[in-house]
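**Student:** Shown below is the structure under consideration.
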Amino acid sequence: MSADVLIRRFERARERLPGPFDARRRALDDLLAAGLPSRRDEAWRYMDLKPIVEGDFDVPPREPSAGVRERVRALLDDAASIGAEDASGRIVLVDGLLDEELSRLGGGSGLEIVRIPPEQPVGTRRGGGPVHPLAMLNRAFASDGVAIRTGSGVEVAQPVELFLIASGGARIAQHPRVAIELGPNSRLDIVVHCVDAAPAEGWLNVAVDVTQAEGSKLAIHRLQEHGAGLHHTSLLTADVGCNATLTAAYVDLGARVARNDVDVRLAEPGARAEIFGVFVAAPGRHVDDEIHVEHAARETSSDTAFRGIADRTGRGVFRGKILVQPDAQKIDARQKSDNLLLADQAEIDTRPELEIYADDVKCSHGATVGEIDPEQMFYLRSRGLDEQSARALLTFAFANRLLQQLAPERLRERATRLVAGQLPAPPAWEEVE
Amino acid sequence: MLRIENLHVEVESKPILKGLDLEVRAGEVHAIMGPNGSGKSTLTQVLAGREDYVVTAGSAVLDGKDLFAMSPEERAAAGIFLAFQYPIEIPGVNNAYLLKAAMNAQRRARGEPEVDAFEFMKLIGAKLETMQMSRDFLHRSVNEGFSGGEKKRNEILQMLMLEPRLALLDETDSGLDVDALKVVANGINSLRSPDRSMVLVTHYERLLELVVPDYVHVLANGRIVKSGGHALARELDERGYDWVQAEAS
């Protein structure tokens, strides 16, 4: 059933998809041969991809309408935008199409931002193993993609901005792709903003591919604030080299369904990954984080920390998996998932997992699902705060502990303000911490 | 100011207070002493409005108002302040924020104008000095990673800022060294006034040498079994509680 739907959709989209057709068709065939994931798969136990894949979302037209560009321009120019004048580069992908007029590509002084050909595979696991279904879907249906590269020893001072925008057009499925390659001992910060230019029904499936050479430092901080009509799936595959550090931050405050798959391979000694996230699952929303870290070499380290808040009929899922390969001795892996339920009907499913094949390792994992601590509530109320304000303050403080780690400041402020704004009695967040 | 009559309180279905009477008039300082488990902390917590402590009989009236009909925040606005025996840690909320939010919530509830950031900083500067605390302290999360002594000082700092009508101090002296005890006692004394009252729960007479009470009560088995002046505290310090309990039974 879903195979037919997919093939029909693919054939119909053929004319609008750039680049060689064969590579796309192969990706689709691979996906169909493997089968779409179902809820029988551990990684998809709480989320069904089928309704999204079959969701009558179509690839975008080759040329966006003039109205779309104006909406996007207004969004970027907004005072509260995370965009900054002095950014090292700006990539604007609207409905999966690269808008070169609104973007600032190029770069210079050791930073390169270029369009990549549609047939370039993104989302390949270098450690072997099957290609991720989201990567195959992305390959089959992708429109545009960009590569961001740094030269050896280049430290890029200001972040590169990546905007992934849903235009608000009719039921569009977009599959943007980004390949990031860091040269030895280089440094780069990327801020990613996933947002709608107008209320949009649709699906955004972004694939990001990271390769880090020795001693490089990459930070990707992403804020997702889509509206309630958008489905968001994201895949990050990363290969981290000797003494290189990857930081990836996920803040999910919107979308009907938000799913983040992270697959990091710490490939060489000294590689490190710091992955953290905050989500707020509002009523009727679903947020799903699937975080895999593979320690494939000795003396690698990883720190995964997620904080989730679920409100009435909202649902949050965290599944973390740490895999330690036999030769990966003296590694240090931490994983933590803390969650807060704001109402009885809210749901959190959290499963930290360890799979360890080496014997000299330091691993810790833990998960908590709780409600607002009544002792803290009483303390605040005994000082005069009313019940609603006390609850909002404690909820905010719970998320704020990780939000404070976001960078740059514009992103942190926006994320913090949005989280505070989702609470019934918003605290004056600028002063809380 | 505060009149408690025949107070019965249960904690997890277990009777803790069993007919407690106490009257505190304006300007008075009362010390409540007594063996462990006699109900001293329960008394202060139930007066502050802790909801899982169940009042099964009796009344508590503050300035003519029925305390048990009020929420914890209403009691705070009416002038009750509890210095916790074990102050609660609130990671992610700094001290300055809590204090300002608390002050303004109480002021709003009383129909008074709120303080702005400037006034607040001016006010707190002086109080920090009294409590010998540095300004950095304002930007730390509430009680998180504080030593026992810092937590107790913080409670008194909050009290100085909130200027309650009735302060309930639950073992504020425990865990303090001699110097810290003096600072805390100074803080408490600085707030003594003819229209403000205090109830000090303590195990030790040494606080009462520094904050001299008008009355000393012995709470045992859920009731006040003996009352007296400051001299009673000294006697308890020397002789323990057994003789009081023997006398009472």
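The way I read the labels, and the way they are meant: chains A, B, ... in the order of the structure tokens, residue 1 as the first residue of every chain, and ligand 1 as the first ligand shown, with later ones counted on from there.
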I'd like the contact shell of range 76-78 of chain B - 6 Å cut-off, only C-alpha atoms, skipping same-chain residues fewer than 2 positions apart - returned as number ranges by chain.
**Tutor:** A: 382-384; B: 73-74, 80, 106
**Student:** Store the residues of this selection in a file with C-alpha atoms, as a CSV table (one decimal), in the first residue's frame.
**Tutor:**
chain,number,residue,atom,x,y,z
A,382,SER,CA,5.2,30.4,51.6
A,383,ARG,CA,7.1,33.3,50.3
A,384,GLY,CA,4.0,34.8,48.7
B,73,GLU,CA,0.5,32.7,49.8
B,74,GLU,CA,-2.4,34.5,51.4
B,80,ILE,CA,3.5,35.1,58.1
B,106,GLN,CA,2.9,40.2,48.7
**Student:** Pull out every residue of chain B that has at least one atom within 7 Å of chain A, counting only C-alpha atoms, and report them as number ranges by chain.
**Tutor:** B: 48, 50, 72-74, 76-77, 88, 90-94, 97, 102, 105-106, 139
**Student:** I'd like the contact shell of Ala258 in chain A - 6 Å cut-off, only C-alpha atoms, skipping same-chain residues fewer than 2 positions apart - returned as a VMD selection string.
**Tutor:** chain A and resid 232 to 233 255 287
**Student:** For range 221-233 of chain B, please output as a PDB file with C-alpha atoms, in the first residue's frame all residues within 8 Å (counting only C-alpha atoms; exclusion window: fewer than 6 positions along the same chain).
**Tutor:**
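Writing the result to part_15.pdb gives the following:
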ATOM      1  CA  ILE B  16       1.245  14.974  65.970  1.00  0.00           C
ATOM      2  CA  LEU B  17      -0.317  18.003  67.618  1.00  0.00           C
ATOM      3  CA  LYS B  18      -2.914  17.051  70.209  1.00  0.00           C
ATOM      4  CA  GLY B  19      -4.608  20.094  71.606  1.00  0.00           C
ATOM      5  CA  LEU B  20      -2.054  22.882  71.457  1.00  0.00           C
ATOM      6  CA  ASP B  21      -2.872  26.338  72.831  1.00  0.00           C
ATOM      7  CA  LEU B  22      -0.678  29.364  72.301  1.00  0.00           C
ATOM      8  CA  MET B  33      11.597  24.010  72.963  1.00  0.00           C
ATOM      9  CA  GLY B  37       9.361  14.500  67.514  1.00  0.00           C
ATOM     10  CA  SER B  38       7.240  16.565  69.875  1.00  0.00           C
ATOM     11  CA  GLY B  39       5.624  18.492  67.008  1.00  0.00           C
ATOM     12  CA  GLU B 205      19.562  27.726  74.764  1.00  0.00           C
ATOM     13  CA  LEU B 208      18.127  32.510  73.338  1.00  0.00           C
ATOM     14  CA  VAL B 212      16.146  36.948  74.432  1.00  0.00           C
ATOM     15  CA  PRO B 213      12.592  35.596  74.430  1.00  0.00           C
ATOM     16  CA  ASP B 214       9.667  36.947  76.417  1.00  0.00           C
ATOM     17  CA  TYR B 215       8.271  33.468  76.904  1.00  0.00           C
ATOM     18  CA  VAL B 244       9.074  18.585  82.603  1.00  0.00           C
ATOM     19  CA  GLN B 245       7.412  15.593  81.042  1.00  0.00           C
ATOM     20  CA  ALA B 248       3.187  17.163  83.191  1.00  0.00           C
TER      21      ALA B 248
END
**Student:** Counting only C-alpha atoms, what is within 8 Å of range 331-339 of chain A, bar same-chain residues fewer than 5 positions away, as a ChimeraX atom specification?
**Tutor:** /A:295,298-310,318,320,322,348,350,352,360-370
**Student:** So, with only C-alpha atoms as the atoms that count, which of A:Val264, A:Val92, A:Leu340, A:Ile116 lies closest to Val278 in chain A?
**Tutor:**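 Checking each candidate against Val278 in chain A, we get A:Leu340 as the closest.
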**Student:** Would you kindly return, as JSON, numbers by chain, each protein, DNA or RNA residue with an atom no farther than 10 Å from any atom of range 142-151 of chain B, considering only C-alpha atoms and excluding same-chain residues fewer than 2 positions away?
**Tutor:** {"A": [433], "B": [83, 84, 85, 86, 87, 88, 89, 90, 91, 92, 93, 94, 95, 96, 97, 98, 99, 131, 133, 137, 138, 139, 140, 153, 154, 155, 156, 157, 172, 173, 174, 175, 176, 177, 180, 181, 184]}
**Student:** Any chance you could list, as a PyMOL selection string, the residues in range 339-387 of chain A that come up helix (DSSP H, G or I) when DSSP is run on the backbone?
**Tutor:** chain A and resi 374-382+387
**Student:** Could you pull the residues within 9 Å of Ser81 in chain A, counting only C-alpha atoms, minus those fewer than 6 positions along the same chain, as a VMD selection string?
**Tutor:** chain A and resid 75 410 to 411 414
**Student:** Pick out the closest residue to Asn36 in chain B from this set: B:Glu10, B:Glu129, B:Glu112, B:Glu171. Count only C-alpha atoms.
**Tutor:**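 Once distances to Asn36 in chain B are computed over only C-alpha atoms, the minimum belongs to B:Glu171.
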**Student:** Pick the closest to Glu5 in chain B from B:Val61, B:Val54, B:Leu191, B:Ala26: which is it, counting only C-alpha atoms?
**Tutor:** B:Val61
**Student:** Measure the distance from CA of Gly129 in chain A to CA of Ala142 in chain A in Å and round it to one decimal.
**Tutor:**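 A separation of 22.2 Å between them.
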**Student:** So the first atom is CA of Leu354 in chain A and the second is CA of Thr237 in chain A; what is the distance between them in Å, to one decimal place?
**Tutor:**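 Atom-to-atom, CA of Leu354 in chain A and CA of Thr237 in chain A are spaced 19.2 Å apart.
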